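Shown here: target.cif, mmCIF, N, CA and C atoms.
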data_entry
#
loop_
_atom_site.label_atom_id
_atom_site.label_comp_id
_atom_site.auth_asym_id
_atom_site.auth_seq_id
_atom_site.Cartn_x
_atom_site.Cartn_y
_atom_site.Cartn_z
N MET S 126 216.93 41.13 -92.16
CA MET S 126 217.61 39.85 -92.05
C MET S 126 217.48 39.12 -93.39
N THR S 127 218.53 38.49 -93.85
CA THR S 127 218.51 37.80 -95.14
C THR S 127 217.73 36.50 -95.04
N ASN S 128 217.26 36.01 -96.20
CA ASN S 128 216.54 34.73 -96.24
C ASN S 128 217.41 33.59 -95.73
N LYS S 129 218.70 33.63 -96.10
CA LYS S 129 219.62 32.58 -95.66
C LYS S 129 219.74 32.57 -94.14
N LYS S 130 219.86 33.74 -93.55
CA LYS S 130 219.96 33.85 -92.09
C LYS S 130 218.67 33.37 -91.43
N LEU S 131 217.51 33.76 -91.97
CA LEU S 131 216.23 33.29 -91.44
C LEU S 131 216.15 31.76 -91.49
N GLY S 132 216.56 31.22 -92.63
CA GLY S 132 216.53 29.76 -92.80
C GLY S 132 217.47 29.05 -91.83
N ASN S 133 218.69 29.56 -91.70
CA ASN S 133 219.65 28.95 -90.78
C ASN S 133 219.17 29.02 -89.34
N ASP S 134 218.59 30.16 -88.97
CA ASP S 134 218.07 30.32 -87.61
C ASP S 134 216.93 29.33 -87.35
N PHE S 135 216.05 29.16 -88.35
CA PHE S 135 214.94 28.22 -88.18
C PHE S 135 215.45 26.78 -88.08
N GLU S 136 216.42 26.43 -88.89
CA GLU S 136 216.99 25.07 -88.81
C GLU S 136 217.51 24.81 -87.40
N GLN S 137 218.24 25.77 -86.86
CA GLN S 137 218.78 25.62 -85.50
C GLN S 137 217.66 25.53 -84.47
N GLU S 138 216.65 26.37 -84.60
CA GLU S 138 215.50 26.35 -83.69
C GLU S 138 214.78 25.00 -83.74
N LEU S 139 214.57 24.49 -84.95
CA LEU S 139 213.89 23.21 -85.11
C LEU S 139 214.72 22.08 -84.51
N CYS S 140 216.02 22.11 -84.71
CA CYS S 140 216.89 21.09 -84.11
C CYS S 140 216.76 21.11 -82.59
N GLU S 141 216.76 22.29 -82.02
CA GLU S 141 216.64 22.40 -80.56
C GLU S 141 215.30 21.87 -80.07
N LYS S 142 214.22 22.22 -80.76
CA LYS S 142 212.89 21.74 -80.37
C LYS S 142 212.80 20.22 -80.47
N LEU S 143 213.31 19.66 -81.57
CA LEU S 143 213.27 18.20 -81.74
C LEU S 143 214.09 17.51 -80.66
N SER S 144 215.23 18.09 -80.33
CA SER S 144 216.06 17.53 -79.27
C SER S 144 215.30 17.52 -77.94
N GLU S 145 214.58 18.59 -77.66
CA GLU S 145 213.76 18.66 -76.44
C GLU S 145 212.68 17.58 -76.42
N TYR S 146 212.23 17.17 -77.59
CA TYR S 146 211.23 16.10 -77.70
C TYR S 146 211.87 14.71 -77.69
N GLY S 147 213.17 14.62 -77.48
CA GLY S 147 213.82 13.33 -77.35
C GLY S 147 214.43 12.76 -78.62
N PHE S 148 214.56 13.57 -79.66
CA PHE S 148 215.19 13.13 -80.89
C PHE S 148 216.69 13.35 -80.83
N TRP S 149 217.45 12.47 -81.46
CA TRP S 149 218.84 12.75 -81.79
C TRP S 149 218.76 13.52 -83.10
N VAL S 150 219.45 14.65 -83.18
CA VAL S 150 219.27 15.53 -84.34
C VAL S 150 220.62 15.91 -84.93
N HIS S 151 220.69 15.88 -86.26
CA HIS S 151 221.87 16.35 -86.97
C HIS S 151 221.44 17.41 -87.98
N ASN S 152 222.00 18.60 -87.84
CA ASN S 152 221.74 19.69 -88.79
C ASN S 152 222.80 19.61 -89.87
N MET S 153 222.38 19.37 -91.09
CA MET S 153 223.33 19.20 -92.19
C MET S 153 223.79 20.53 -92.78
N ALA S 154 223.39 21.64 -92.18
CA ALA S 154 223.81 22.95 -92.68
C ALA S 154 225.32 23.12 -92.64
N MET S 155 225.96 22.41 -91.76
CA MET S 155 227.42 22.52 -91.66
C MET S 155 228.14 21.72 -92.73
N ASN S 156 227.39 20.90 -93.46
CA ASN S 156 227.98 20.12 -94.54
C ASN S 156 228.11 20.98 -95.79
N LYS S 157 228.67 20.41 -96.83
CA LYS S 157 228.83 21.13 -98.08
C LYS S 157 227.46 21.54 -98.62
N SER S 158 227.45 22.61 -99.41
CA SER S 158 226.20 23.07 -100.01
C SER S 158 225.68 22.01 -100.97
N GLY S 159 224.37 22.05 -101.20
CA GLY S 159 223.76 21.11 -102.12
C GLY S 159 223.20 19.88 -101.44
N GLN S 160 223.17 19.87 -100.11
CA GLN S 160 222.59 18.72 -99.42
C GLN S 160 221.10 18.64 -99.75
N PRO S 161 220.55 17.44 -99.75
CA PRO S 161 219.16 17.27 -100.18
C PRO S 161 218.13 17.60 -99.09
N ALA S 162 218.55 17.83 -97.89
CA ALA S 162 217.65 18.19 -96.80
C ALA S 162 218.48 18.89 -95.73
N ASP S 163 217.79 19.42 -94.73
CA ASP S 163 218.47 20.19 -93.70
C ASP S 163 218.77 19.40 -92.44
N ILE S 164 217.89 18.47 -92.10
CA ILE S 164 217.97 17.83 -90.79
C ILE S 164 217.67 16.34 -90.90
N ILE S 165 218.42 15.55 -90.15
CA ILE S 165 218.05 14.15 -89.89
C ILE S 165 217.76 14.07 -88.40
N ALA S 166 216.57 13.61 -88.07
CA ALA S 166 216.17 13.45 -86.67
C ALA S 166 215.83 11.98 -86.44
N VAL S 167 216.31 11.43 -85.33
CA VAL S 167 216.09 10.01 -85.05
C VAL S 167 215.56 9.86 -83.63
N ARG S 168 214.53 9.03 -83.50
CA ARG S 168 213.99 8.69 -82.18
C ARG S 168 213.40 7.30 -82.27
N ASN S 169 213.70 6.48 -81.29
CA ASN S 169 213.17 5.10 -81.22
C ASN S 169 213.43 4.32 -82.50
N LYS S 170 214.64 4.43 -83.00
CA LYS S 170 215.10 3.68 -84.18
C LYS S 170 214.40 4.08 -85.48
N GLN S 171 213.72 5.21 -85.49
CA GLN S 171 213.08 5.73 -86.70
C GLN S 171 213.72 7.06 -87.07
N ALA S 172 214.19 7.13 -88.32
CA ALA S 172 214.85 8.35 -88.80
C ALA S 172 213.89 9.17 -89.66
N TYR S 173 214.01 10.48 -89.56
CA TYR S 173 213.18 11.41 -90.31
C TYR S 173 214.08 12.38 -91.05
N LEU S 174 213.86 12.50 -92.36
CA LEU S 174 214.58 13.45 -93.19
C LEU S 174 213.71 14.69 -93.33
N ILE S 175 214.24 15.84 -92.93
CA ILE S 175 213.42 17.06 -92.85
C ILE S 175 214.10 18.21 -93.57
N ASP S 176 213.33 18.93 -94.36
CA ASP S 176 213.80 20.17 -94.95
C ASP S 176 213.00 21.31 -94.33
N ALA S 177 213.69 22.32 -93.85
CA ALA S 177 213.06 23.44 -93.13
C ALA S 177 212.87 24.63 -94.07
N LYS S 178 211.66 25.20 -94.03
CA LYS S 178 211.34 26.35 -94.87
C LYS S 178 210.69 27.43 -94.02
N VAL S 179 211.09 28.67 -94.23
CA VAL S 179 210.52 29.80 -93.52
C VAL S 179 209.63 30.58 -94.48
N ILE S 180 208.45 30.93 -94.01
CA ILE S 180 207.55 31.81 -94.77
C ILE S 180 207.49 33.12 -94.00
N SER S 181 208.04 34.16 -94.57
CA SER S 181 208.18 35.44 -93.87
C SER S 181 206.92 36.29 -93.89
N SER S 182 206.18 36.21 -94.99
CA SER S 182 205.02 37.08 -95.16
C SER S 182 203.73 36.28 -95.18
N PRO S 183 202.71 36.71 -94.46
CA PRO S 183 201.42 35.99 -94.48
C PRO S 183 200.83 35.89 -95.88
N ARG S 184 201.10 36.87 -96.71
CA ARG S 184 200.57 36.86 -98.08
C ARG S 184 201.46 36.10 -99.04
N GLY S 185 202.70 35.89 -98.64
CA GLY S 185 203.67 35.29 -99.54
C GLY S 185 203.45 33.81 -99.81
N GLY S 186 203.12 33.07 -98.78
CA GLY S 186 202.96 31.63 -98.96
C GLY S 186 204.29 30.97 -99.31
N PHE S 187 204.20 29.77 -99.85
CA PHE S 187 205.40 29.00 -100.22
C PHE S 187 205.32 28.62 -101.68
N ALA S 188 206.23 29.12 -102.47
CA ALA S 188 206.31 28.76 -103.89
C ALA S 188 206.86 27.34 -103.98
N LEU S 189 206.09 26.44 -104.56
CA LEU S 189 206.50 25.05 -104.65
C LEU S 189 207.74 24.87 -105.51
N SER S 190 208.06 25.86 -106.32
CA SER S 190 209.30 25.82 -107.11
C SER S 190 210.53 25.89 -106.22
N ARG S 191 210.35 26.24 -104.95
CA ARG S 191 211.48 26.27 -104.01
C ARG S 191 211.94 24.86 -103.63
N VAL S 192 211.12 23.85 -103.93
CA VAL S 192 211.55 22.46 -103.70
C VAL S 192 212.50 22.11 -104.84
N GLU S 193 213.74 21.89 -104.50
CA GLU S 193 214.75 21.63 -105.52
C GLU S 193 214.69 20.17 -105.97
N GLU S 194 215.15 19.95 -107.20
CA GLU S 194 215.11 18.60 -107.77
C GLU S 194 215.88 17.60 -106.90
N ASN S 195 217.04 18.01 -106.38
CA ASN S 195 217.83 17.08 -105.56
C ASN S 195 217.09 16.74 -104.26
N GLN S 196 216.31 17.68 -103.73
CA GLN S 196 215.51 17.39 -102.53
C GLN S 196 214.43 16.37 -102.86
N ASP S 197 213.74 16.60 -103.95
CA ASP S 197 212.66 15.70 -104.37
C ASP S 197 213.20 14.28 -104.61
N LEU S 198 214.29 14.19 -105.35
CA LEU S 198 214.86 12.87 -105.67
C LEU S 198 215.40 12.18 -104.41
N ALA S 199 216.05 12.92 -103.54
CA ALA S 199 216.59 12.33 -102.31
C ALA S 199 215.47 11.83 -101.41
N MET S 200 214.39 12.59 -101.31
CA MET S 200 213.28 12.15 -100.46
C MET S 200 212.57 10.94 -101.05
N ASP S 201 212.49 10.88 -102.39
CA ASP S 201 211.95 9.67 -103.03
C ASP S 201 212.82 8.46 -102.69
N LEU S 202 214.13 8.61 -102.83
CA LEU S 202 215.06 7.51 -102.55
C LEU S 202 215.03 7.13 -101.07
N TRP S 203 214.96 8.11 -100.19
CA TRP S 203 214.85 7.87 -98.75
C TRP S 203 213.65 6.94 -98.48
N ASN S 204 212.53 7.24 -99.10
CA ASN S 204 211.32 6.44 -98.92
C ASN S 204 211.46 5.06 -99.56
N GLU S 205 212.00 5.01 -100.76
CA GLU S 205 212.18 3.74 -101.48
C GLU S 205 213.08 2.78 -100.71
N ARG S 206 214.01 3.31 -99.94
CA ARG S 206 214.94 2.47 -99.17
C ARG S 206 214.37 2.06 -97.81
N GLY S 207 213.10 2.35 -97.59
CA GLY S 207 212.43 1.88 -96.38
C GLY S 207 212.54 2.79 -95.18
N ASN S 208 212.90 4.05 -95.39
CA ASN S 208 213.06 4.97 -94.27
C ASN S 208 211.84 5.82 -93.98
N GLY S 209 210.77 5.64 -94.74
CA GLY S 209 209.57 6.45 -94.55
C GLY S 209 209.63 7.73 -95.37
N GLN S 210 208.62 8.53 -95.20
CA GLN S 210 208.50 9.78 -95.94
C GLN S 210 209.51 10.82 -95.47
N GLY S 211 209.94 11.64 -96.40
CA GLY S 211 210.65 12.84 -96.05
C GLY S 211 209.62 13.88 -95.62
N TRP S 212 210.07 14.88 -94.90
CA TRP S 212 209.15 15.89 -94.36
C TRP S 212 209.64 17.30 -94.65
N PHE S 213 208.69 18.22 -94.77
CA PHE S 213 208.98 19.63 -94.86
C PHE S 213 208.42 20.29 -93.60
N ALA S 214 209.26 21.06 -92.94
CA ALA S 214 208.86 21.82 -91.76
C ALA S 214 208.73 23.28 -92.18
N PHE S 215 207.55 23.83 -92.01
CA PHE S 215 207.29 25.22 -92.38
C PHE S 215 207.12 26.07 -91.14
N LYS S 216 207.90 27.14 -91.06
CA LYS S 216 207.70 28.12 -89.99
C LYS S 216 206.85 29.24 -90.59
N LEU S 217 205.64 29.38 -90.07
CA LEU S 217 204.72 30.39 -90.57
C LEU S 217 205.02 31.75 -89.95
N PRO S 218 204.51 32.82 -90.54
CA PRO S 218 204.73 34.15 -89.96
C PRO S 218 204.21 34.28 -88.53
N THR S 219 203.30 33.41 -88.12
CA THR S 219 202.78 33.40 -86.75
C THR S 219 203.75 32.75 -85.78
N GLU S 220 204.90 32.27 -86.28
CA GLU S 220 205.93 31.56 -85.51
C GLU S 220 205.56 30.09 -85.27
N GLU S 221 204.40 29.65 -85.74
CA GLU S 221 204.01 28.25 -85.60
C GLU S 221 204.77 27.41 -86.61
N ILE S 222 205.00 26.14 -86.26
CA ILE S 222 205.71 25.22 -87.15
C ILE S 222 204.75 24.11 -87.55
N TYR S 223 204.64 23.88 -88.86
CA TYR S 223 203.77 22.84 -89.39
C TYR S 223 204.57 21.89 -90.27
N MET S 224 204.23 20.62 -90.17
CA MET S 224 204.92 19.57 -90.91
C MET S 224 204.03 19.05 -92.03
N LEU S 225 204.59 18.90 -93.21
CA LEU S 225 203.90 18.28 -94.34
C LEU S 225 204.80 17.22 -94.94
N PRO S 226 204.24 16.05 -95.24
CA PRO S 226 205.06 14.99 -95.84
C PRO S 226 205.41 15.30 -97.29
N HIS S 227 206.53 14.78 -97.70
CA HIS S 227 207.01 14.98 -99.07
C HIS S 227 205.97 14.57 -100.09
N PHE S 228 205.27 13.44 -99.87
CA PHE S 228 204.31 12.97 -100.88
C PHE S 228 203.18 13.98 -101.08
N THR S 229 202.81 14.71 -100.05
CA THR S 229 201.77 15.74 -100.18
C THR S 229 202.29 16.90 -101.00
N ILE S 230 203.51 17.33 -100.70
CA ILE S 230 204.12 18.43 -101.47
C ILE S 230 204.24 18.02 -102.94
N LYS S 231 204.68 16.79 -103.17
CA LYS S 231 204.86 16.28 -104.53
C LYS S 231 203.53 16.28 -105.29
N ALA S 232 202.47 15.84 -104.64
CA ALA S 232 201.15 15.81 -105.28
C ALA S 232 200.66 17.22 -105.58
N LEU S 233 200.88 18.14 -104.67
CA LEU S 233 200.43 19.51 -104.87
C LEU S 233 201.19 20.20 -106.01
N MET S 234 202.44 19.81 -106.21
CA MET S 234 203.25 20.40 -107.28
C MET S 234 202.65 20.14 -108.66
N ILE S 235 201.85 19.11 -108.78
CA ILE S 235 201.22 18.77 -110.06
C ILE S 235 200.11 19.76 -110.41
N SER S 236 199.38 20.22 -109.39
CA SER S 236 198.19 21.01 -109.65
C SER S 236 198.28 22.49 -109.28
N GLN S 237 199.33 22.88 -108.56
CA GLN S 237 199.42 24.29 -108.19
C GLN S 237 200.87 24.70 -108.05
N SER S 238 201.10 26.01 -108.01
CA SER S 238 202.46 26.52 -107.96
C SER S 238 202.83 27.07 -106.59
N LYS S 239 201.85 27.21 -105.72
CA LYS S 239 202.09 27.87 -104.45
C LYS S 239 201.17 27.30 -103.37
N LEU S 240 201.67 27.28 -102.14
CA LEU S 240 200.87 26.93 -100.96
C LEU S 240 200.70 28.18 -100.12
N SER S 241 199.48 28.49 -99.76
CA SER S 241 199.26 29.64 -98.88
C SER S 241 199.51 29.19 -97.44
N CYS S 242 199.71 30.16 -96.57
CA CYS S 242 199.87 29.84 -95.15
C CYS S 242 198.64 29.12 -94.62
N ASN S 243 197.47 29.53 -95.07
CA ASN S 243 196.23 28.89 -94.65
C ASN S 243 196.18 27.43 -95.09
N GLU S 244 196.63 27.14 -96.30
CA GLU S 244 196.66 25.74 -96.77
C GLU S 244 197.63 24.91 -95.93
N ILE S 245 198.77 25.46 -95.62
CA ILE S 245 199.74 24.74 -94.78
C ILE S 245 199.13 24.45 -93.42
N PHE S 246 198.46 25.44 -92.86
CA PHE S 246 197.78 25.28 -91.57
C PHE S 246 196.71 24.19 -91.65
N GLN S 247 195.94 24.17 -92.75
CA GLN S 247 194.84 23.22 -92.88
C GLN S 247 195.29 21.79 -93.16
N ILE S 248 196.28 21.61 -94.02
CA ILE S 248 196.66 20.25 -94.41
C ILE S 248 197.87 19.70 -93.66
N GLY S 249 198.59 20.59 -93.00
CA GLY S 249 199.76 20.14 -92.24
C GLY S 249 199.40 19.72 -90.84
N LYS S 250 200.41 19.24 -90.12
CA LYS S 250 200.29 18.91 -88.70
C LYS S 250 201.19 19.87 -87.93
N SER S 251 200.68 20.37 -86.83
CA SER S 251 201.55 21.21 -85.99
C SER S 251 202.72 20.34 -85.55
N LEU S 252 203.84 20.95 -85.24
CA LEU S 252 205.01 20.20 -84.80
C LEU S 252 204.66 19.32 -83.61
N GLU S 253 203.90 19.85 -82.68
CA GLU S 253 203.53 19.09 -81.49
C GLU S 253 202.72 17.84 -81.84
N LYS S 254 201.75 17.98 -82.74
CA LYS S 254 200.94 16.81 -83.16
C LYS S 254 201.78 15.82 -83.96
N TRP S 255 202.69 16.34 -84.77
CA TRP S 255 203.57 15.46 -85.56
C TRP S 255 204.44 14.63 -84.63
N VAL S 256 205.01 15.26 -83.61
CA VAL S 256 205.88 14.55 -82.68
C VAL S 256 205.12 13.41 -82.00
N VAL S 257 203.87 13.66 -81.62
CA VAL S 257 203.06 12.62 -80.97
C VAL S 257 202.87 11.43 -81.90
N LYS S 258 202.76 11.68 -83.20
CA LYS S 258 202.56 10.60 -84.18
C LYS S 258 203.86 9.83 -84.47
N CYS S 259 204.99 10.44 -84.16
CA CYS S 259 206.27 9.76 -84.39
C CYS S 259 206.40 8.64 -83.36
N LYS S 260 207.00 7.55 -83.79
CA LYS S 260 207.17 6.40 -82.90
C LYS S 260 208.04 6.72 -81.72
#
Since I need it in another form, could you write the structure as structure tokens?
Amino acid sequence: MTNKKLGNDFEQELCEKLSEYGFWVHNMAMNKSGQPADIIAVRNKQAYLIDAKVISSPRGGFALSRVEENQDLAMDLWNERGNGQGWFAFKLPTEEIYMLPHFTIKALMISQSKLSCNEIFQIGKSLEKWVVKCK
């Protein structure tokens, strides 16, 4: 399966899960290429900008260079306009989904080039715990 197909499948899966948790969800994959994130999810008048990433190999981890400049700038602007942090949703090889805020990814980009699956597990929040923290 291609990386693009894996990514598209995960975006759809995440949209469905968020919808089950009571979010209104829009998958921007159907929009023109170059969008700054994959998903906008809204619940209780709070919007969340989410970019979905799949990690296929336990040894592979996530290369922070995969965060594109337009994603970084859009998430900064999203936050500056009072919408809160942008989020990255990582699907690990174990099929678990972990959420990390943009500001954490941004800080890590200064000191390292890659996040291991173990680091994502340790510093991220499981999707279920993240949802509970959402308003």
As an NGL selection string, please: every residue in region 138-177 of chain S that DSSP puts in strand (DSSP E or B). :S and (149-152 or 164-168 or 171-177)
Identify all residues satisfying the PyMOL selection byres ((chain S and resi 185) around 8) in the given file; provide them as a PyMOL selection string. chain S and resi 180-184+186-188+239-242
Dump N, CA and C atoms for the selected residues as a short mmCIF file (atom, residue, chain, number, x, y, z; two decimals), in the frame of the given file?
data_model
loop_
_atom_site.label_atom_id
_atom_site.label_comp_id
_atom_site.auth_asym_id
_atom_site.auth_seq_id
_atom_site.Cartn_x
_atom_site.Cartn_y
_atom_site.Cartn_z
N ILE S 180 208.45 30.93 -94.01
CA ILE S 180 207.55 31.81 -94.77
C ILE S 180 207.49 33.12 -94.00
N SER S 181 208.04 34.16 -94.57
CA SER S 181 208.18 35.44 -93.87
C SER S 181 206.92 36.29 -93.89
N SER S 182 206.18 36.21 -94.99
CA SER S 182 205.02 37.08 -95.16
C SER S 182 203.73 36.28 -95.18
N PRO S 183 202.71 36.71 -94.46
CA PRO S 183 201.42 35.99 -94.48
C PRO S 183 200.83 35.89 -95.88
N ARG S 184 201.10 36.87 -96.71
CA ARG S 184 200.57 36.86 -98.08
C ARG S 184 201.46 36.10 -99.04
N GLY S 186 203.12 33.07 -98.78
CA GLY S 186 202.96 31.63 -98.96
C GLY S 186 204.29 30.97 -99.31
N PHE S 187 204.20 29.77 -99.85
CA PHE S 187 205.40 29.00 -100.22
C PHE S 187 205.32 28.62 -101.68
N ALA S 188 206.23 29.12 -102.47
CA ALA S 188 206.31 28.76 -103.89
C ALA S 188 206.86 27.34 -103.98
N LYS S 239 201.85 27.21 -105.72
CA LYS S 239 202.09 27.87 -104.45
C LYS S 239 201.17 27.30 -103.37
N LEU S 240 201.67 27.28 -102.14
CA LEU S 240 200.87 26.93 -100.96
C LEU S 240 200.70 28.18 -100.12
N SER S 241 199.48 28.49 -99.76
CA SER S 241 199.26 29.64 -98.88
C SER S 241 199.51 29.19 -97.44
N CYS S 242 199.71 30.16 -96.57
CA CYS S 242 199.87 29.84 -95.15
C CYS S 242 198.64 29.12 -94.62
#
Hey, what's within 12 Å of region 129-137 of chain S if we count only C-alpha atoms and toss same-chain stuff fewer than 2 positions away? As a PDB file with N, CA and C atoms, in the frame of the given file, please?
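Output file part34.pdb is given in full below:
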ATOM      1  N   MET S 126     216.930  41.130 -92.160  1.00  0.00           N
ATOM      2  CA  MET S 126     217.610  39.850 -92.050  1.00  0.00           C
ATOM      3  C   MET S 126     217.480  39.120 -93.390  1.00  0.00           C
ATOM      4  N   THR S 127     218.530  38.490 -93.850  1.00  0.00           N
ATOM      5  CA  THR S 127     218.510  37.800 -95.140  1.00  0.00           C
ATOM      6  C   THR S 127     217.730  36.500 -95.040  1.00  0.00           C
ATOM      7  N   LEU S 139     214.570  24.490 -84.950  1.00  0.00           N
ATOM      8  CA  LEU S 139     213.890  23.210 -85.110  1.00  0.00           C
ATOM      9  C   LEU S 139     214.720  22.080 -84.510  1.00  0.00           C
ATOM     10  N   CYS S 140     216.020  22.110 -84.710  1.00  0.00           N
ATOM     11  CA  CYS S 140     216.890  21.090 -84.110  1.00  0.00           C
ATOM     12  C   CYS S 140     216.760  21.110 -82.590  1.00  0.00           C
ATOM     13  N   GLU S 141     216.760  22.290 -82.020  1.00  0.00           N
ATOM     14  CA  GLU S 141     216.640  22.400 -80.560  1.00  0.00           C
ATOM     15  C   GLU S 141     215.300  21.870 -80.070  1.00  0.00           C
ATOM     16  N   LYS S 142     214.220  22.220 -80.760  1.00  0.00           N
ATOM     17  CA  LYS S 142     212.890  21.740 -80.370  1.00  0.00           C
ATOM     18  C   LYS S 142     212.800  20.220 -80.470  1.00  0.00           C
ATOM     19  N   LEU S 143     213.310  19.660 -81.570  1.00  0.00           N
ATOM     20  CA  LEU S 143     213.270  18.200 -81.740  1.00  0.00           C
ATOM     21  C   LEU S 143     214.090  17.510 -80.660  1.00  0.00           C
ATOM     22  N   SER S 144     215.230  18.090 -80.330  1.00  0.00           N
ATOM     23  CA  SER S 144     216.060  17.530 -79.270  1.00  0.00           C
ATOM     24  C   SER S 144     215.300  17.520 -77.940  1.00  0.00           C
ATOM     25  N   VAL S 150     219.450  14.650 -83.180  1.00  0.00           N
ATOM     26  CA  VAL S 150     219.270  15.530 -84.340  1.00  0.00           C
ATOM     27  C   VAL S 150     220.620  15.910 -84.930  1.00  0.00           C
ATOM     28  N   HIS S 151     220.690  15.880 -86.260  1.00  0.00           N
ATOM     29  CA  HIS S 151     221.870  16.350 -86.970  1.00  0.00           C
ATOM     30  C   HIS S 151     221.440  17.410 -87.980  1.00  0.00           C
ATOM     31  N   ASN S 152     222.000  18.600 -87.840  1.00  0.00           N
ATOM     32  CA  ASN S 152     221.740  19.690 -88.790  1.00  0.00           C
ATOM     33  C   ASN S 152     222.800  19.610 -89.870  1.00  0.00           C
ATOM     34  N   MET S 153     222.380  19.370 -91.090  1.00  0.00           N
ATOM     35  CA  MET S 153     223.330  19.200 -92.190  1.00  0.00           C
ATOM     36  C   MET S 153     223.790  20.530 -92.780  1.00  0.00           C
ATOM     37  N   ALA S 154     223.390  21.640 -92.180  1.00  0.00           N
ATOM     38  CA  ALA S 154     223.810  22.950 -92.680  1.00  0.00           C
ATOM     39  C   ALA S 154     225.320  23.120 -92.640  1.00  0.00           C
ATOM     40  N   MET S 155     225.960  22.410 -91.760  1.00  0.00           N
ATOM     41  CA  MET S 155     227.420  22.520 -91.660  1.00  0.00           C
ATOM     42  C   MET S 155     228.140  21.720 -92.730  1.00  0.00           C
ATOM     43  N   ALA S 162     218.550  17.830 -97.890  1.00  0.00           N
ATOM     44  CA  ALA S 162     217.650  18.190 -96.800  1.00  0.00           C
ATOM     45  C   ALA S 162     218.480  18.890 -95.730  1.00  0.00           C
ATOM     46  N   ASP S 163     217.790  19.420 -94.730  1.00  0.00           N
ATOM     47  CA  ASP S 163     218.470  20.190 -93.700  1.00  0.00           C
ATOM     48  C   ASP S 163     218.770  19.400 -92.440  1.00  0.00           C
ATOM     49  N   ILE S 164     217.890  18.470 -92.100  1.00  0.00           N
ATOM     50  CA  ILE S 164     217.970  17.830 -90.790  1.00  0.00           C
ATOM     51  C   ILE S 164     217.670  16.340 -90.900  1.00  0.00           C
ATOM     52  N   ILE S 165     218.420  15.550 -90.150  1.00  0.00           N
ATOM     53  CA  ILE S 165     218.050  14.150 -89.890  1.00  0.00           C
ATOM     54  C   ILE S 165     217.760  14.070 -88.400  1.00  0.00           C
ATOM     55  N   ALA S 166     216.570  13.610 -88.070  1.00  0.00           N
ATOM     56  CA  ALA S 166     216.170  13.450 -86.670  1.00  0.00           C
ATOM     57  C   ALA S 166     215.830  11.980 -86.440  1.00  0.00           C
ATOM     58  N   ILE S 175     214.240  15.840 -92.930  1.00  0.00           N
ATOM     59  CA  ILE S 175     213.420  17.060 -92.850  1.00  0.00           C
ATOM     60  C   ILE S 175     214.100  18.210 -93.570  1.00  0.00           C
ATOM     61  N   ASP S 176     213.330  18.930 -94.360  1.00  0.00           N
ATOM     62  CA  ASP S 176     213.800  20.170 -94.950  1.00  0.00           C
ATOM     63  C   ASP S 176     213.000  21.310 -94.330  1.00  0.00           C
ATOM     64  N   ALA S 177     213.690  22.320 -93.850  1.00  0.00           N
ATOM     65  CA  ALA S 177     213.060  23.440 -93.130  1.00  0.00           C
ATOM     66  C   ALA S 177     212.870  24.630 -94.070  1.00  0.00           C
ATOM     67  N   LYS S 178     211.660  25.200 -94.030  1.00  0.00           N
ATOM     68  CA  LYS S 178     211.340  26.350 -94.870  1.00  0.00           C
ATOM     69  C   LYS S 178     210.690  27.430 -94.020  1.00  0.00           C
ATOM     70  N   VAL S 179     211.090  28.670 -94.230  1.00  0.00           N
ATOM     71  CA  VAL S 179     210.520  29.800 -93.520  1.00  0.00           C
ATOM     72  C   VAL S 179     209.630  30.580 -94.480  1.00  0.00           C
ATOM     73  N   ILE S 180     208.450  30.930 -94.010  1.00  0.00           N
ATOM     74  CA  ILE S 180     207.550  31.810 -94.770  1.00  0.00           C
ATOM     75  C   ILE S 180     207.490  33.120 -94.000  1.00  0.00           C
ATOM     76  N   SER S 181     208.040  34.160 -94.570  1.00  0.00           N
ATOM     77  CA  SER S 181     208.180  35.440 -93.870  1.00  0.00           C
ATOM     78  C   SER S 181     206.920  36.290 -93.890  1.00  0.00           C
ATOM     79  N   PHE S 213     208.690  18.220 -94.770  1.00  0.00           N
ATOM     80  CA  PHE S 213     208.980  19.630 -94.860  1.00  0.00           C
ATOM     81  C   PHE S 213     208.420  20.290 -93.600  1.00  0.00           C
ATOM     82  N   ALA S 214     209.260  21.060 -92.940  1.00  0.00           N
ATOM     83  CA  ALA S 214     208.860  21.820 -91.760  1.00  0.00           C
ATOM     84  C   ALA S 214     208.730  23.280 -92.180  1.00  0.00           C
ATOM     85  N   PHE S 215     207.550  23.830 -92.010  1.00  0.00           N
ATOM     86  CA  PHE S 215     207.290  25.220 -92.380  1.00  0.00           C
ATOM     87  C   PHE S 215     207.120  26.070 -91.140  1.00  0.00           C
ATOM     88  N   LYS S 216     207.900  27.140 -91.060  1.00  0.00           N
ATOM     89  CA  LYS S 216     207.700  28.120 -89.990  1.00  0.00           C
ATOM     90  C   LYS S 216     206.850  29.240 -90.590  1.00  0.00           C
ATOM     91  N   LEU S 217     205.640  29.380 -90.070  1.00  0.00           N
ATOM     92  CA  LEU S 217     204.720  30.390 -90.570  1.00  0.00           C
ATOM     93  C   LEU S 217     205.020  31.750 -89.950  1.00  0.00           C
ATOM     94  N   PRO S 218     204.510  32.820 -90.540  1.00  0.00           N
ATOM     95  CA  PRO S 218     204.730  34.150 -89.960  1.00  0.00           C
ATOM     96  C   PRO S 218     204.210  34.280 -88.530  1.00  0.00           C
ATOM     97  N   GLU S 220     204.900  32.270 -86.280  1.00  0.00           N
ATOM     98  CA  GLU S 220     205.930  31.560 -85.510  1.00  0.00           C
ATOM     99  C   GLU S 220     205.560  30.090 -85.270  1.00  0.00           C
ATOM    100  N   GLU S 221     204.400  29.650 -85.740  1.00  0.00           N
ATOM    101  CA  GLU S 221     204.010  28.250 -85.600  1.00  0.00           C
ATOM    102  C   GLU S 221     204.770  27.410 -86.610  1.00  0.00           C
ATOM    103  N   ILE S 222     205.000  26.140 -86.260  1.00  0.00           N
ATOM    104  CA  ILE S 222     205.710  25.220 -87.150  1.00  0.00           C
ATOM    105  C   ILE S 222     204.750  24.110 -87.550  1.00  0.00           C
TER     106      ILE S 222
END
Could you write out, as a PyMOL selection string, all the residues of chain S that DSSP marks as alpha helix (DSSP H)? chain S and resi 128-145+194-203+227-236+242-248+252-258
For the structure provided, state which residues fall under the PyMOL selection byres (((chain S and resi 225 and name CA) around 10) and name CA), and present them as an NGL selection string. :S and (175 or 210-215 or 223-224 or 226-230 or 245-246 or 248-252 or 255)
